[in-house]
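Undergrad: This is the structure, below, for whatever I ask next.
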4 protein chains.
Amino acid sequence: MANTKVGIVGIGFIGSDHLHRLTKTIANVDVTAVCDIIPGKAQKELDRQGLKAKDYHDYHDLVDDPNVDVVVCTASNEAHHEIVMAALQAGKFTFCEKPLALDAKDCMEIIKEEEKYGHRMLQVGFMRHYAPEYVQMKQMIDNDVIGKPLMMDERHYNQTQPEEYDSSRSIIETAIHEIDLDHWLLGEDYKNIRVLPVKKTRAVQNDQIQDPMIVMMETTSGINIYLQVFVRCQYGYDIKCDVIGEKGVLELPTVPQVAVRKDAEYSTAILTDWKARFESAYDIEFRDFMNHVSVKKSPVGPSAWDGYIAAVTADAALKSLADNGKVEELDFPKTPDFYTEK
Amino acid sequence: MANTKVGIVGIGFIGSDHLHRLTKTIANVDVTAVCDIIPGKAQKELDRQGLKAKDYHDYHDLVDDPNVDVVVCTASNEAHHEIVMAALQAGKFTFCEKPLALDAKDCMEIIKEEEKYGHRMLQVGFMRHYAPEYVQMKQMIDNDVIGKPLMMDERHYNQTQPEEYDSSRSIIETAIHEIDLDHWLLGEDYKNIRVLPVKKTRAVQNDQIQDPMIVMMETTSGINIYLQVFVRCQYGYDIKCDVIGEKGVLELPTVPQVAVRKDAEYSTAILTDWKARFESAYDIEFRDFMNHVSVKKSPVGPSAWDGYIAAVTADAALKSLADNGKVEELDFPKTPDFYTEK
Amino acid sequence: MANTKVGIVGIGFIGSDHLHRLTKTIANVDVTAVCDIIPGKAQKELDRQGLKAKDYHDYHDLVDDPNVDVVVCTASNEAHHEIVMAALQAGKFTFCEKPLALDAKDCMEIIKEEEKYGHRMLQVGFMRHYAPEYVQMKQMIDNDVIGKPLMMDERHYNQTQPEEYDSSRSIIETAIHEIDLDHWLLGEDYKNIRVLPVKKTRAVQNDQIQDPMIVMMETTSGINIYLQVFVRCQYGYDIKCDVIGEKGVLELPTVPQVAVRKDAEYSTAILTDWKARFESAYDIEFRDFMNHVSVKKSPVGPSAWDGYIAAVTADAALKSLADNGKVEELDFPKTPDFYTEK
Amino acid sequence: MANTKVGIVGIGFIGSDHLHRLTKTIANVDVTAVCDIIPGKAQKELDRQGLKAKDYHDYHDLVDDPNVDVVVCTASNEAHHEIVMAALQAGKFTFCEKPLALDAKDCMEIIKEEEKYGHRMLQVGFMRHYAPEYVQMKQMIDNDVIGKPLMMDERHYNQTQPEEYDSSRSIIETAIHEIDLDHWLLGEDYKNIRVLPVKKTRAVQNDQIQDPMIVMMETTSGINIYLQVFVRCQYGYDIKCDVIGEKGVLELPTVPQVAVRKDAEYSTAILTDWKARFESAYDIEFRDFMNHVSVKKSPVGPSAWDGYIAAVTADAALKSLADNGKVEELDFPKTPDFYTEK
Ligand SMILES: [Mg+2]
Ligand SMILES: [Mg+2]
Ligand SMILES: [Mg+2]
Ligand SMILES: [Mg+2]
């Protein structure tokens, strides 16, 4: 069978990473075209990685190229909407890095476009759905290992962030992962969200920055989610997820590390780089996406609808943060059928 | 040196336990007198344990007995106030099981009485202050191991409780331990408290019972405490306490258990009985209390002021629970000097 | 760059697995030819996996095919020697599953053949060298984290094995992994080996089977290795590796699993299937091997010399077992230079 | 009931500790007499601890004093035999610190003396029998949690020892604990013992010292015990005990410590002082001993027979060490009935 031909729009940090992944660690794929808004940037990366591909100046040409079967959108966040729309209109299966778009309206427009095909054409890059530990956790919830879930306790800690990583980015780029994950893990929509300010670390670079913050969400059935976002915790990249059910508790494991007994301490390393934590999830994510679209099957990972839920919820979180922790109500329409069909 | 002579008022569940402790596992103590409101009950317990002591009908006689140096009050909660007042008025060092009294006014009356001596006469039975793991945690906080504390995450889970263990008892008898502990661990007063209802377990015996519940407290400097109280969690007696600071996180350990590899599982037992978890703390508590009062030194464990703080805070928690999670503000007077002198 | 063309000799259990791996999870590889001694077997597997490749009756034709750049030998153990010899003589880079050959003489013949090229042509399939946890452990040893190693404690436990898995297979197929790993981890040759019989589990199917057994090895500098081989331990597939040094101890972690608090137990699953434990190691192994040979570089994983060391050591272990635990001395020639060049 | 009157012979390091324990943490005991071979030493310690007791010059006077019900022997090892003999001849219940005596002959003489009473009069201070984690482990073995035991893996590591702590002390003072414990845990006698020299740490002060060393014992049913003794391991006091059975593995837990996430590490403290590890075991040990002898019941902790087994086995270990690891056979007489009666 011929290799699947992929075009990548946006060759920045994550785009270069996916370019490498698709050419070096994913089988049966050819990256036939690339494109970046900055002239010469894509070609430079191709050269650096020792690769050959068509380098387009305009993404419209890339999505229309008959030598491109699948579009991967890794452009800057504000360009996602137009690129994804163009790719869908060109009839191409599309992988879009998170976020799907900047607001609910743009997400909904993408959903309407996708709906015209009567089946899914798009996957959003929430890679944690593919992390084996979360997959195992979801299976255990679905298999009733702990009974009905009642509460969740989560932490999303980064070692540090620069001054420009302000409070809104703590929501839109950090908390967004749990916002996306939790409704998938629990199989429920959210009813409300609030963002509570807490005592700030003195590691914040200016006093406009709220760090840490507590994000609390309630699902439609009343499950309470408590998430600590702390992006200057100093000690490492640390992700925690506990699900408390009627009969027991599940706890997410971390990346295995050699344990050391030394200097009166028993210790294991904590990662400091987030990429190492979920690196294999990215590989599994693309392998799964490509396995589906290479044979013209709809992708089954995070959908445009998931992207929409995340965008709306994060937006409400920003409002709550600006309003000193006020509860923001959420009311989602019913998930369109073609997103829930198996 | 002669043994210290102890009189115990109230020979119920905990009174019998302390009677056994003081006669069998604490050195240099004689229990010379006991008293219970139910005639014959104290004598029956003396007989059961093979002990001899004066059995009083009226606690006033016990506290006035010159053959009693120290009074231990383990009567029912509503009787604590009057018994402690009588003991203090008789000039006796006094140990009172938690709660010190039923409301703030009664606690304050005791404080005024104690203040007349110009030094502490009383200790309240918050035994967790003596649990080695909490003591270690407090030392680590005080030694700046994790920098300034910013947040606390706690769980107080019981395997199960009967129908009569209603929501208010989840606060007054269960959460009270963390309410007391946390301001000691952090060295700060509370600014507010709220009790959030969450999705109920179907293990509640009637729908008036809120179980689990989330208790959130803020300290004067803004530290956010998140406590899950879940007294019908089914799986065991489980206590969790994490302190998150500017530089790191502390996690309370549990009672050590032999680990087992068997049947495709690696496991350790979780206790189901709360007494086993803090049993040694009770011994250490009484040993410390007796070491002080036996030589006429003031006790240094939890004070009447701690009892007052706990009473006022628990009362505010009850109001919040009744008012659907409304934030209840707290404003404590400055701690009287004689409680803070070393 | 064109894909690397691979021919696989032997399409049994592991051969089918590698066929799948090379066509589905390793990038930039084409499996152009296969071969199995049983007529029709290879074609059947190609059909089952939906693949196309030339199916040879005789492996000599496969190794001589100019459309085969690289030979993967997954035939039965007794055929390894002749197939590898043919592949080397045809000038093809070769990957041979463990064991390299059945005895020291055959291994040495392969080494002599490889030596003619003046550089490595061959890699042996000891995949644990690629398991991230062992790689981390080796780096820590090399970085002097625990000082000079003095002792190693290891376990290689399987849940169960059938009657035909006799004591010699416990050495040749089970202990062989640690025999290979330990001299790589420690960077030392072995001085002697012994196999101590211990009390047998009643799970052995006949009393000729020694299970568990203790394998003890001493390295040239005197490091003592203690390895328990127990292939009917009932509870799971469990691999342990501790290295004790002058300043501390290293402990190998296991595959991360969601932890569960339930039914008065805190537990994590223990794997029962060995493939799940080292699955990613196989992928990393082939990716590394292909990355080298695809650009005509010598492979850098386990070498023919490692295959020879393992064969000689395992043979001595069998003698010790037959001689009731007698110490068998080992004396290896100096490692040829072209195996140690970087 | 009157307090039990105790006389202590030998007020050195451990004697002073037990003096403190018996007067401060054990209930219902009076230390009425003390004695030390160095004039003035016992009185000085009484003064230091603020205690009053008769200070004898000659231990014969102490054991004969009618105001002494129970003798505690904490004299130097070589004096144990004569003091214990005198105490038994005086008809006193006796607690003797380990070792019971210096050789098998002296142990047997004590056993013969005790046998005259027809019931046990003596307990030997192997306090680990009272450590809750070992007690739990023994119960799990006895309750068939892991099926029949087949192997044991143990470590007895100290942070460091001075030059005078030579190889024989590694056996007589360190390994002696496991020698004593294991036959109690397993309920079996030993068949043989050997001491294997391994690569030495450069932390040894002279090259006569064998550190670490491996002690291997076989029980009568063939259970293989593997014990690493390493008394200059640098990193802490670390005790490990795994029991491997036909169906699973038991692992001894350690003292609970607050866990810390900090500086890219997840860590818990390892103790460096052996006393902290088994401190509560000493208290439980004396409480149990006193509970029995205070009512004229025979003690039920480690017996003179256990002292004899340990002495004979340690002696064989010394021979093996001197003979380069030669297997020393052991053949114990049947345990006298009055040691096995319940
Ligand atoms: Mg007493
Ligand atoms: Mg490719
Ligand atoms: Mg391919
Ligand atoms: Mg006393």
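Numbering starts fresh at 1 for the residues of each chain in the structure tokens, the chains themselves are lettered A, B, ... in the order given, and ligands are numbered from 1 as they appear.
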With a distance threshold of 6 Å and counting only C-alpha atoms, extract the residues of chain B near chain D and express them as a PDB file with C-alpha atoms, in the first residue's frame.
TA:
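The resulting file, part-v5.pdb, is shown below:
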```pdb
ATOM      1  CA  LYS B  24      -1.171   0.005  81.912  1.00  0.00           C
ATOM      2  CA  THR B  25       0.982   1.986  79.486  1.00  0.00           C
ATOM      3  CA  ILE B  26       1.830   5.274  81.199  1.00  0.00           C
ATOM      4  CA  ALA B  27       4.472   5.148  83.925  1.00  0.00           C
ATOM      5  CA  GLY B 248       7.884  21.957  47.119  1.00  0.00           C
ATOM      6  CA  VAL B 249       5.242  19.663  48.522  1.00  0.00           C
ATOM      7  CA  LEU B 250       5.049  17.652  51.760  1.00  0.00           C
ATOM      8  CA  GLU B 251       2.965  14.486  51.972  1.00  0.00           C
ATOM      9  CA  LEU B 252       1.871  12.772  55.176  1.00  0.00           C
ATOM     10  CA  PRO B 253       2.839   9.089  55.308  1.00  0.00           C
ATOM     11  CA  PRO B 256       3.542   1.038  57.646  1.00  0.00           C
ATOM     12  CA  GLN B 257       2.190  -2.285  56.419  1.00  0.00           C
ATOM     13  CA  VAL B 258       3.849  -5.362  54.982  1.00  0.00           C
ATOM     14  CA  ALA B 259       3.662  -5.156  51.169  1.00  0.00           C
ATOM     15  CA  VAL B 260       2.427  -8.201  49.281  1.00  0.00           C
ATOM     16  CA  ARG B 261       3.031  -9.348  45.713  1.00  0.00           C
ATOM     17  CA  LYS B 262       0.291 -11.808  44.924  1.00  0.00           C
TER      18      LYS B 262
END
```
Undergrad: According to DSSP computed on the backbone, where in segment 127-340 of chain B is there helix (DSSP H, G or I)? Give the residues as JSON, numbers by chain.
TA: {"B": [127, 128, 129, 130, 132, 133, 134, 135, 136, 137, 138, 139, 140, 141, 142, 167, 168, 169, 170, 171, 172, 173, 174, 175, 176, 177, 178, 179, 180, 181, 182, 183, 184, 185, 186, 274, 275, 276, 277, 278, 279, 280, 281, 282, 283, 284, 285, 286, 287, 288, 289, 290, 291, 292, 293, 304, 305, 306, 307, 308, 309, 310, 311, 312, 313, 314, 315, 316, 317, 318, 319, 320, 321, 322, 337, 338, 339, 340]}
Undergrad: Here is a test: counting only C-alpha atoms, which residue of D:Leu185, D:Met217, D:Ala175, D:Leu150 is nearest to Phe230 of chain D?
TA: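 Closest residue, counting only C-alpha atoms: D:Ala175.
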Undergrad: Report the residues of segment 208-338 of chain B whose backbone DSSP state falls under strand (DSSP E), written as JSON, numbers by chain.
TA: {"B": [213, 214, 215, 216, 217, 218, 219, 224, 225, 226, 227, 228, 229, 230, 238, 239, 240, 241, 242, 243, 244, 245, 248, 249, 250, 251, 259, 260, 261, 262, 265, 266, 267, 268, 269, 328, 329]}
Undergrad: Near Tyr237 of chain B, within 12 Å and counting only C-alpha atoms, which residues show up once chain neighbours fewer than 3 positions away are dropped, as a PyMOL selection string?
TA: (chain A and resi 248) or (chain B and resi 155-161+174+229-234+240+254-255+269-278) or (chain C and resi 261-266)
Undergrad: Show me, as a PyMOL selection string, the residues that have an atom within 9 Å of segment 311-314 of chain A when counting only C-alpha atoms, minus same-chain residues fewer than 5 positions from it.
TA: chain A and resi 99-104+107+171-172+175-176+179+190+192-193+306+319+330+332
Undergrad: Next, dump the selected residues to file, keeping only N, CA, C and O atoms, as an mmCIF file, in the first residue's frame.
TA:
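Ended up saving to again.cif:
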```
data_model
loop_
_atom_site.group_PDB
_atom_site.id
_atom_site.type_symbol
_atom_site.label_atom_id
_atom_site.label_comp_id
_atom_site.auth_asym_id
_atom_site.auth_seq_id
_atom_site.Cartn_x
_atom_site.Cartn_y
_atom_site.Cartn_z
ATOM 1 N N PRO A 99 -5.283 24.997 20.478
ATOM 2 C CA PRO A 99 -6.750 24.912 20.502
ATOM 3 C C PRO A 99 -7.292 24.848 19.082
ATOM 4 O O PRO A 99 -6.629 25.282 18.144
ATOM 5 N N LEU A 100 -8.505 24.331 18.963
ATOM 6 C CA LEU A 100 -9.123 24.239 17.645
ATOM 7 C C LEU A 100 -9.291 25.639 17.060
ATOM 8 O O LEU A 100 -9.025 25.865 15.874
ATOM 9 N N ALA A 101 -9.761 26.576 17.877
ATOM 10 C CA ALA A 101 -9.942 27.962 17.422
ATOM 11 C C ALA A 101 -9.989 28.838 18.657
ATOM 12 O O ALA A 101 -9.990 28.332 19.784
ATOM 13 N N LEU A 102 -10.058 30.122 18.444
ATOM 14 C CA LEU A 102 -9.936 31.031 19.600
ATOM 15 C C LEU A 102 -11.228 31.265 20.350
ATOM 16 O O LEU A 102 -11.216 31.699 21.496
ATOM 17 N N ASP A 103 -12.360 31.020 19.699
ATOM 18 C CA ASP A 103 -13.629 31.216 20.416
ATOM 19 C C ASP A 103 -14.678 30.219 19.960
ATOM 20 O O ASP A 103 -14.470 29.458 19.017
ATOM 21 N N ALA A 104 -15.787 30.259 20.692
ATOM 22 C CA ALA A 104 -16.853 29.294 20.462
ATOM 23 C C ALA A 104 -17.418 29.423 19.053
ATOM 24 O O ALA A 104 -17.716 28.426 18.384
ATOM 25 N N CYS A 107 -15.158 27.773 16.499
ATOM 26 C CA CYS A 107 -15.244 26.312 16.655
ATOM 27 C C CYS A 107 -16.523 25.800 16.000
ATOM 28 O O CYS A 107 -16.530 24.793 15.280
ATOM 29 N N ILE A 171 -4.647 29.394 32.133
ATOM 30 C CA ILE A 171 -5.930 28.766 31.816
ATOM 31 C C ILE A 171 -5.917 28.199 30.397
ATOM 32 O O ILE A 171 -6.185 27.020 30.177
ATOM 33 N N ILE A 172 -5.571 29.040 29.440
ATOM 34 C CA ILE A 172 -5.727 28.676 28.032
ATOM 35 C C ILE A 172 -4.700 27.653 27.561
ATOM 36 O O ILE A 172 -4.961 26.862 26.661
ATOM 37 N N ALA A 175 -4.377 24.791 32.071
ATOM 38 C CA ALA A 175 -5.594 24.142 32.566
ATOM 39 C C ALA A 175 -6.409 23.518 31.433
ATOM 40 O O ALA A 175 -7.170 22.572 31.655
ATOM 41 N N ILE A 176 -6.232 24.023 30.229
ATOM 42 C CA ILE A 176 -6.994 23.508 29.081
ATOM 43 C C ILE A 176 -6.867 21.992 28.942
ATOM 44 O O ILE A 176 -7.809 21.308 28.523
ATOM 45 N N ILE A 179 -9.222 20.558 31.473
ATOM 46 C CA ILE A 179 -10.583 20.900 31.025
ATOM 47 C C ILE A 179 -11.013 19.925 29.938
ATOM 48 O O ILE A 179 -12.125 19.407 29.934
ATOM 49 N N TYR A 190 -19.814 19.828 31.534
ATOM 50 C CA TYR A 190 -19.648 20.686 32.707
ATOM 51 C C TYR A 190 -20.878 21.560 32.921
ATOM 52 O O TYR A 190 -21.513 22.006 31.968
ATOM 53 N N ASN A 192 -20.639 24.165 35.523
ATOM 54 C CA ASN A 192 -20.095 25.482 35.869
ATOM 55 C C ASN A 192 -18.589 25.378 36.115
ATOM 56 O O ASN A 192 -18.037 24.277 36.217
ATOM 57 N N ILE A 193 -17.970 26.530 36.198
ATOM 58 C CA ILE A 193 -16.538 26.599 36.462
ATOM 59 C C ILE A 193 -16.268 27.862 37.267
ATOM 60 O O ILE A 193 -16.975 28.868 37.139
ATOM 61 N N ASP A 306 -14.948 18.331 21.005
ATOM 62 C CA ASP A 306 -14.090 18.460 22.190
ATOM 63 C C ASP A 306 -13.371 19.808 22.176
ATOM 64 O O ASP A 306 -13.198 20.447 23.217
ATOM 65 N N LYS A 319 -13.411 34.493 32.508
ATOM 66 C CA LYS A 319 -14.383 35.429 33.104
ATOM 67 C C LYS A 319 -14.395 35.311 34.621
ATOM 68 O O LYS A 319 -14.436 36.305 35.335
ATOM 69 N N LEU A 330 -22.345 27.051 32.860
ATOM 70 C CA LEU A 330 -22.102 26.544 31.499
ATOM 71 C C LEU A 330 -23.321 25.741 31.067
ATOM 72 O O LEU A 330 -23.931 25.041 31.878
ATOM 73 N N PHE A 332 -24.154 23.505 27.677
ATOM 74 C CA PHE A 332 -23.787 23.058 26.336
ATOM 75 C C PHE A 332 -24.971 22.438 25.612
ATOM 76 O O PHE A 332 -25.796 21.757 26.222
#
```
Undergrad: Neighbours of Asp288 of chain A within 9 Å (only C-alpha atoms; same-chain residues fewer than 4 positions away dropped), as a JSON list (two decimals) with all heavy atoms, in the first residue's frame?
TA:
```json
[["chain", "number", "residue", "atom", "x", "y", "z"],
["A", 130, "TYR", "N", -4.18, 9.77, 24.67],
["A", 130, "TYR", "CA", -3.42, 8.61, 24.21],
["A", 130, "TYR", "C", -2.36, 8.17, 25.20],
["A", 130, "TYR", "O", -1.67, 7.18, 24.97],
["A", 130, "TYR", "CB", -2.77, 8.92, 22.85],
["A", 130, "TYR", "CG", -3.78, 9.01, 21.74],
["A", 130, "TYR", "CD1", -4.29, 10.24, 21.33],
["A", 130, "TYR", "CD2", -4.25, 7.86, 21.13],
["A", 130, "TYR", "CE1", -5.24, 10.32, 20.31],
["A", 130, "TYR", "CE2", -5.19, 7.92, 20.11],
["A", 130, "TYR", "CZ", -5.68, 9.16, 19.71],
["A", 130, "TYR", "OH", -6.62, 9.22, 18.71],
["A", 283, "ASP", "N", 3.39, 10.03, 19.88],
["A", 283, "ASP", "CA", 3.60, 8.98, 18.87],
["A", 283, "ASP", "C", 2.35, 8.13, 18.70],
["A", 283, "ASP", "O", 1.94, 7.82, 17.58],
["A", 283, "ASP", "CB", 4.77, 8.07, 19.29],
["A", 283, "ASP", "CG", 6.12, 8.76, 19.18],
["A", 283, "ASP", "OD1", 6.19, 9.87, 18.63],
["A", 283, "ASP", "OD2", 7.11, 8.18, 19.66],
["A", 284, "ILE", "N", 1.76, 7.74, 19.82],
["A", 284, "ILE", "CA", 0.57, 6.87, 19.74],
["A", 284, "ILE", "C", -0.58, 7.63, 19.09],
["A", 284, "ILE", "O", -1.33, 7.09, 18.28],
["A", 284, "ILE", "CB", 0.18, 6.38, 21.16],
["A", 284, "ILE", "CG1", 1.36, 5.63, 21.80],
["A", 284, "ILE", "CG2", -1.06, 5.50, 21.10],
["A", 284, "ILE", "CD1", 1.14, 5.29, 23.28],
["A", 292, "HIS", "N", -6.24, 5.48, 10.86],
["A", 292, "HIS", "CA", -7.63, 5.69, 10.42],
["A", 292, "HIS", "C", -7.68, 6.39, 9.07],
["A", 292, "HIS", "O", -8.29, 5.91, 8.13],
["A", 292, "HIS", "CB", -8.43, 6.46, 11.48],
["A", 292, "HIS", "CG", -8.80, 5.61, 12.65],
["A", 292, "HIS", "ND1", -7.97, 5.37, 13.71],
["A", 292, "HIS", "CD2", -9.94, 4.90, 12.91],
["A", 292, "HIS", "CE1", -8.56, 4.56, 14.58],
["A", 292, "HIS", "NE2", -9.76, 4.28, 14.11],
["A", 293, "VAL", "N", -7.05, 7.55, 8.97],
["A", 293, "VAL", "CA", -7.23, 8.35, 7.77],
["A", 293, "VAL", "C", -6.53, 7.76, 6.55],
["A", 293, "VAL", "O", -6.93, 8.03, 5.41],
["A", 293, "VAL", "CB", -6.82, 9.83, 7.98],
["A", 293, "VAL", "CG1", -7.64, 10.44, 9.14],
["A", 293, "VAL", "CG2", -5.33, 9.98, 8.23],
["A", 299, "PRO", "N", -11.23, 9.76, 11.87],
["A", 299, "PRO", "CA", -10.41, 9.64, 13.08],
["A", 299, "PRO", "C", -11.31, 9.48, 14.30],
["A", 299, "PRO", "O", -12.47, 9.89, 14.28],
["A", 299, "PRO", "CB", -9.64, 10.95, 13.12],
["A", 299, "PRO", "CG", -10.45, 11.91, 12.33],
["A", 299, "PRO", "CD", -11.16, 11.10, 11.27],
["A", 300, "VAL", "N", -10.76, 8.87, 15.36],
["A", 300, "VAL", "CA", -11.57, 8.60, 16.55],
["A", 300, "VAL", "C", -11.04, 9.31, 17.80],
["A", 300, "VAL", "O", -11.59, 9.16, 18.89],
["A", 300, "VAL", "CB", -11.67, 7.08, 16.83],
["A", 300, "VAL", "CG1", -12.39, 6.38, 15.69],
["A", 300, "VAL", "CG2", -10.28, 6.48, 17.05],
["A", 301, "GLY", "N", -9.96, 10.07, 17.66],
["A", 301, "GLY", "CA", -9.43, 10.81, 18.81],
["A", 301, "GLY", "C", -10.26, 12.06, 19.08],
["A", 301, "GLY", "O", -11.36, 12.22, 18.55]]
```
Undergrad: Excluding Val204 of chain D and its own-chain neighbours fewer than 4 positions away, which residues fall within 9 Å of it when counting only C-alpha atoms? Please give them as an mmCIF file with C-alpha atoms, in the first residue's frame.
TA:
```
data_model
loop_
_atom_site.group_PDB
_atom_site.id
_atom_site.type_symbol
_atom_site.label_atom_id
_atom_site.label_comp_id
_atom_site.auth_asym_id
_atom_site.auth_seq_id
_atom_site.Cartn_x
_atom_site.Cartn_y
_atom_site.Cartn_z
ATOM 1 C CA GLN D 161 31.307 1.592 61.812
ATOM 2 C CA PRO D 162 34.734 2.339 63.264
ATOM 3 C CA GLU D 163 37.839 0.292 62.495
ATOM 4 C CA LYS D 200 35.021 -4.773 49.564
ATOM 5 C CA GLN D 208 41.373 -7.450 57.241
ATOM 6 C CA ILE D 209 37.801 -6.249 57.325
ATOM 7 C CA GLN D 210 35.334 -8.024 55.060
ATOM 8 C CA ASP D 211 32.565 -5.497 54.348
ATOM 9 C CA ARG D 232 29.701 0.886 56.092
#
```
Undergrad: I'd like the neighbourhood of Lys92 of chain A as a ChimeraX atom specification, where a residue qualifies if any of its atoms comes within 9 Å (using only C-alpha atoms), though same-chain residues fewer than 5 positions away should be ignored.
TA: /A:63-64,68-71,86-87,121-122
Undergrad: What does the file look like for those residues with N, CA and C atoms, as a PDB file, in the first residue's frame?
TA:
```
ATOM      1  N   VAL A  63      -3.144  22.983   0.894  1.00  0.00           N
ATOM      2  CA  VAL A  63      -4.349  22.165   1.137  1.00  0.00           C
ATOM      3  C   VAL A  63      -4.977  21.713  -0.179  1.00  0.00           C
ATOM      4  N   ASP A  64      -4.744  22.439  -1.261  1.00  0.00           N
ATOM      5  CA  ASP A  64      -5.331  22.054  -2.540  1.00  0.00           C
ATOM      6  C   ASP A  64      -4.460  21.093  -3.339  1.00  0.00           C
ATOM      7  N   VAL A  68      -1.254  15.990  -1.494  1.00  0.00           N
ATOM      8  CA  VAL A  68      -1.465  16.042  -0.035  1.00  0.00           C
ATOM      9  C   VAL A  68      -2.795  15.371   0.294  1.00  0.00           C
ATOM     10  N   ASP A  69      -2.727  14.232   1.041  1.00  0.00           N
ATOM     11  CA  ASP A  69      -3.957  13.535   1.451  1.00  0.00           C
ATOM     12  C   ASP A  69      -4.490  14.077   2.775  1.00  0.00           C
ATOM     13  N   VAL A  70      -3.570  14.487   3.613  1.00  0.00           N
ATOM     14  CA  VAL A  70      -3.919  14.808   5.000  1.00  0.00           C
ATOM     15  C   VAL A  70      -3.214  16.107   5.390  1.00  0.00           C
ATOM     16  N   VAL A  71      -3.963  17.017   6.048  1.00  0.00           N
ATOM     17  CA  VAL A  71      -3.374  18.283   6.479  1.00  0.00           C
ATOM     18  C   VAL A  71      -3.139  18.263   7.991  1.00  0.00           C
ATOM     19  N   ALA A  86     -10.174  25.822   5.455  1.00  0.00           N
ATOM     20  CA  ALA A  86      -9.694  25.600   4.090  1.00  0.00           C
ATOM     21  C   ALA A  86      -9.438  24.116   3.828  1.00  0.00           C
ATOM     22  N   ALA A  87      -8.832  23.447   4.813  1.00  0.00           N
ATOM     23  CA  ALA A  87      -8.507  22.028   4.652  1.00  0.00           C
ATOM     24  C   ALA A  87      -9.783  21.202   4.512  1.00  0.00           C
ATOM     25  N   MET A 121     -13.992  14.375  10.055  1.00  0.00           N
ATOM     26  CA  MET A 121     -12.856  14.618   9.156  1.00  0.00           C
ATOM     27  C   MET A 121     -11.641  15.111   9.955  1.00  0.00           C
ATOM     28  N   LEU A 122     -11.867  15.471  11.220  1.00  0.00           N
ATOM     29  CA  LEU A 122     -10.884  16.258  11.963  1.00  0.00           C
ATOM     30  C   LEU A 122     -10.551  15.635  13.321  1.00  0.00           C
TER      31      LEU A 122
END
```
Undergrad: Atom CA of Gly236 of chain B to atom CA of Ala281 of chain D: how many Å, to one decimal?
TA: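 Atom CA of Ala281 of chain D lies at a distance of 26.3 Å from atom CA of Gly236 of chain B.
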Undergrad: Provide the atom CA of Glu341 of chain A to atom CA of Lys116 of chain A distance in Å, to one decimal place.
TA: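 These two atoms are separated by 15.6 Å.
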Undergrad: In Å, with one decimal, what is the gap from atom CA of Ser16 of chain B to atom CA of Glu97 of chain B?
TA: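 Atom CA of Ser16 of chain B sits 12.7 Å away from atom CA of Glu97 of chain B.
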